[in-house]
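Undergrad: final-v5.tsv (TSV, C-alpha atoms) pasted underneath:
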chain	number	residue	atom	x	y	z
V	217	MET	CA	-17.66	-8.68	-13.85
V	218	ALA	CA	-19.42	-7.16	-16.85
V	219	GLU	CA	-18.63	-8.29	-20.38
V	220	GLU	CA	-15.65	-6.33	-21.70
V	221	LYS	CA	-16.08	-4.21	-24.82
V	222	SER	CA	-13.49	-4.91	-27.50
V	223	GLU	CA	-12.48	-1.34	-28.40
V	224	SER	CA	-10.82	1.00	-25.93
V	225	SER	CA	-12.91	3.97	-24.89
V	226	PHE	CA	-10.13	5.87	-23.18
V	227	ARG	CA	-6.47	5.89	-22.27
V	228	ILE	CA	-5.21	6.27	-18.69
V	229	SER	CA	-1.83	7.98	-18.40
V	230	TYR	CA	-0.05	7.50	-15.09
V	231	TYR	CA	3.08	6.08	-13.54
V	232	ALA	CA	3.65	2.31	-13.46
V	233	PHE	CA	2.00	1.82	-10.05
V	234	ASN	CA	-1.53	2.07	-8.68
V	235	GLY	CA	-1.59	5.45	-6.93
V	236	ARG	CA	-4.42	7.67	-8.11
V	237	ALA	CA	-4.91	5.62	-11.29
V	238	GLY	CA	-5.66	2.41	-9.37
V	239	PRO	CA	-9.33	3.31	-8.73
V	240	LEU	CA	-9.73	4.34	-12.39
V	241	ARG	CA	-8.41	1.00	-13.61
V	242	ALA	CA	-10.53	-0.90	-11.07
V	243	ALA	CA	-13.72	0.97	-12.02
V	244	ALA	CA	-13.13	0.32	-15.72
V	245	SER	CA	-12.37	-3.36	-15.13
V	246	LEU	CA	-15.37	-3.86	-12.87
V	247	GLY	CA	-17.56	-2.08	-15.42
V	248	GLY	CA	-16.26	-4.17	-18.32
V	249	ILE	CA	-14.80	-1.14	-20.05
V	250	SER	CA	-11.75	-1.70	-22.21
V	251	TYR	CA	-9.02	0.93	-21.83
V	252	GLU	CA	-5.37	1.52	-22.61
V	253	ASP	CA	-2.70	2.10	-19.99
V	254	VAL	CA	0.12	4.52	-20.75
V	255	PHE	CA	2.86	4.35	-18.16
V	256	GLU	CA	4.96	7.48	-17.89
V	257	ASN	CA	8.13	8.20	-15.99
V	258	GLY	CA	8.93	11.46	-14.25
V	259	GLU	CA	10.89	12.88	-17.17
V	260	GLU	CA	8.06	12.22	-19.64
V	261	HIS	CA	5.56	13.85	-17.30
V	262	LYS	CA	7.83	16.86	-16.76
V	263	LYS	CA	8.24	17.30	-20.54
V	264	ALA	CA	4.45	17.11	-21.11
V	265	LYS	CA	3.95	19.82	-18.49
V	266	GLU	CA	6.66	22.01	-20.02
V	267	ASP	CA	5.22	21.50	-23.52
V	268	GLY	CA	1.75	22.49	-22.30
V	269	THR	CA	0.18	19.22	-23.45
V	270	ARG	CA	-1.06	18.24	-20.00
V	271	ARG	CA	-4.76	18.97	-19.32
V	272	TRP	CA	-3.97	19.91	-15.71
V	273	SER	CA	-0.62	19.87	-14.03
V	274	GLY	CA	-0.62	16.32	-12.77
V	275	LEU	CA	-1.45	12.73	-13.47
V	276	PRO	CA	-3.59	10.73	-13.90
V	277	GLU	CA	-4.87	11.99	-17.18
V	278	LEU	CA	-7.66	10.29	-19.10
V	279	THR	CA	-7.74	10.64	-22.89
V	280	VAL	CA	-11.25	10.01	-24.22
V	281	LEU	CA	-11.32	8.16	-27.54
V	282	ASP	CA	-14.09	8.00	-30.14
V	283	LYS	CA	-15.34	4.74	-31.68
V	284	ASP	CA	-12.49	4.89	-34.23
V	285	GLY	CA	-9.84	5.34	-31.53
V	286	LYS	CA	-9.25	9.02	-32.24
V	287	GLU	CA	-8.69	11.41	-29.35
V	288	VAL	CA	-11.76	13.47	-28.41
V	289	THR	CA	-10.51	15.29	-25.31
V	290	LYS	CA	-8.48	14.85	-22.17
V	291	LEU	CA	-9.75	14.84	-18.61
V	292	GLY	CA	-7.68	15.60	-15.55
V	293	GLN	CA	-8.34	15.36	-11.83
V	294	SER	CA	-8.62	11.77	-10.63
V	295	ASN	CA	-12.08	12.05	-9.06
V	296	ALA	CA	-13.54	13.68	-12.20
V	297	CYS	CA	-12.04	10.81	-14.23
V	298	LEU	CA	-13.47	8.29	-11.76
V	299	ARG	CA	-16.95	9.82	-12.01
V	300	TYR	CA	-16.74	9.72	-15.81
V	301	ILE	CA	-15.74	6.04	-15.80
V	302	GLY	CA	-18.46	5.31	-13.24
V	303	LYS	CA	-21.03	6.93	-15.51
V	304	LEU	CA	-19.84	4.85	-18.49
V	305	ALA	CA	-19.90	1.69	-16.36
V	306	GLY	CA	-23.35	2.42	-14.96
V	307	SER	CA	-22.04	2.53	-11.39
V	308	TYR	CA	-22.32	6.28	-10.80
V	309	PRO	CA	-25.92	6.94	-9.73
V	310	GLU	CA	-28.47	8.91	-11.75
V	311	ASN	CA	-30.32	9.99	-8.59
V	312	ALA	CA	-28.96	13.34	-7.33
V	313	LEU	CA	-28.99	12.33	-3.65
V	314	GLU	CA	-27.29	8.99	-4.32
V	315	ARG	CA	-24.70	10.79	-6.45
V	316	ALA	CA	-24.06	13.25	-3.62
V	317	LEU	CA	-23.51	10.35	-1.21
V	318	VAL	CA	-20.96	8.81	-3.60
V	319	ASP	CA	-19.26	12.21	-3.97
V	320	GLU	CA	-19.16	12.53	-0.17
V	321	VAL	CA	-17.14	9.30	0.06
V	322	LEU	CA	-14.81	10.38	-2.76
V	323	ASP	CA	-14.22	13.75	-1.09
V	324	SER	CA	-13.58	12.09	2.27
V	325	CYS	CA	-11.01	9.81	0.64
V	326	GLU	CA	-9.40	12.90	-0.87
V	327	ASP	CA	-9.17	14.49	2.59
V	328	MET	CA	-7.38	11.41	3.90
V	329	ASN	CA	-5.07	11.23	0.87
V	330	ASN	CA	-4.06	14.84	1.44
V	331	LEU	CA	-3.10	14.05	5.03
V	332	VAL	CA	-1.08	10.93	4.22
V	333	ALA	CA	0.58	12.01	0.94
V	334	PRO	CA	3.29	14.21	2.51
V	335	THR	CA	4.68	11.17	4.35
V	336	PHE	CA	5.61	9.46	1.05
V	337	SER	CA	8.54	11.83	0.52
V	338	ILE	CA	10.11	11.13	3.93
V	339	LYS	CA	13.25	9.10	3.21
V	340	ASP	CA	14.11	7.97	6.74
V	341	GLU	CA	11.88	4.97	7.53
V	342	GLU	CA	11.76	5.69	11.27
V	343	GLU	CA	10.75	9.31	10.66
V	344	LYS	CA	8.16	8.16	8.13
V	345	LYS	CA	6.71	5.74	10.69
V	346	LYS	CA	6.57	8.48	13.34
V	347	ALA	CA	4.88	10.90	10.92
V	348	ARG	CA	2.26	8.31	10.04
V	349	LEU	CA	1.65	7.45	13.69
V	350	ARG	CA	1.09	11.15	14.38
V	351	LEU	CA	-1.69	11.04	11.81
V	352	MET	CA	-3.51	8.60	14.08
V	353	GLU	CA	-3.79	11.18	16.87
V	354	ALA	CA	-7.34	12.13	17.82
V	355	ASP	CA	-7.31	15.59	16.18
V	356	LYS	CA	-6.09	14.42	12.74
V	357	PHE	CA	-9.09	12.38	11.57
V	358	PRO	CA	-11.91	14.10	13.45
V	359	TYR	CA	-14.69	12.58	11.35
V	360	TRP	CA	-13.54	8.96	11.48
Go ahead and render the structure in this file as structure tokens.
TA:
Amino acid sequence: MAEEKSESSFRISYYAFNGRAGPLRAAASLGGISYEDVFENGEEHKKAKEDGTRRWSGLPELTVLDKDGKEVTKLGQSNACLRYIGKLAGSYPENALERALVDEVLDSCEDMNNLVAPTFSIKDEEEKKKARLRLMEADKFPYW
């Protein structure tokens, strides 16, 4: 792991579980980048949306900080945040073709997330299992 910088360069706002913020935290840690975690609950997120203080409509949200810890801007969209952290960490390629190959993997992961995500709201465990097994049918993941 890279040597960690002492000051935080950004703040990650998300719920108190990995979800879409997990890759952001992992990329920062692997890159030796110090950051702050802000854990929100559903009510806090709802209020931020209603107040119009959310960059986009959902979490995670990354607040970029200057060298004095003051807010510069906010970034939304988890893959945009991940690319930003990757650039800071030196793990997002400079070469356009290599960058496109990384983006291809990120976009493929997004495709899979979009297929699986609806199953999280299924309360009945047996129905959830059936829904997830249906995702394994040949026509669901045609590229894998």
Undergrad: What's the separation between CA of Asn257 (chain V) and CA of Tyr230 (chain V), in Å to one decimal place?
TA: 8.3 Å
Undergrad: Tell me, in Å to one decimal, how far CA of Leu317 (chain V) is from CA of Ser245 (chain V).
TA: 22.5 Å
Undergrad: Given 8 Å on each side, where is the centre and what are the edge lengths in Å to one decimal of the axis-aligned box enclosing the listed atoms of region 228-244 of chain V, as lines of an AutoDock Vina configuration file?
TA:
center_x = -5.0
center_y = 3.5
center_z = -12.8
size_x = 33.4
size_y = 24.9
size_z = 27.8
Undergrad: Would you list the residues near (-3.1, 8.7, -21.0) (no more than 9 Å away, in the coordinates of the file, using all atoms listed in the file) as a list in words?
TA: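 All residues meeting the 9 Å criterion around (-3.1, 8.7, -21.0) are Phe226, Arg227, Ile228, Ser229, Tyr230, Glu252, Asp253, Val254, Phe255, Glu256, Leu275, Pro276, Glu277, Leu278, Thr279, Val280 and Lys290 of chain V.
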Undergrad: Could you please determine the separation between CA of Phe233 (chain V) and CA of Ser294 (chain V) in Å, to one decimal place?
TA: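 Atom-to-atom, CA of Phe233 (chain V) to CA of Ser294 (chain V), that is 14.6 Å.
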Undergrad: Please provide the set of residues having any atom within 9 Å of Asn295 (chain V), restricted to all atoms listed in the file, with same-chain residues fewer than 6 positions apart removed, written as a CSV table (one decimal) with C-alpha atoms, in the coordinates of the input.
TA:
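Output contents, as saved in part-v6.csv:
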chain,number,residue,atom,x,y,z
V,236,ARG,CA,-4.4,7.7,-8.1
V,240,LEU,CA,-9.7,4.3,-12.4
V,319,ASP,CA,-19.3,12.2,-4.0
V,322,LEU,CA,-14.8,10.4,-2.8
V,323,ASP,CA,-14.2,13.8,-1.1
V,326,GLU,CA,-9.4,12.9,-0.9
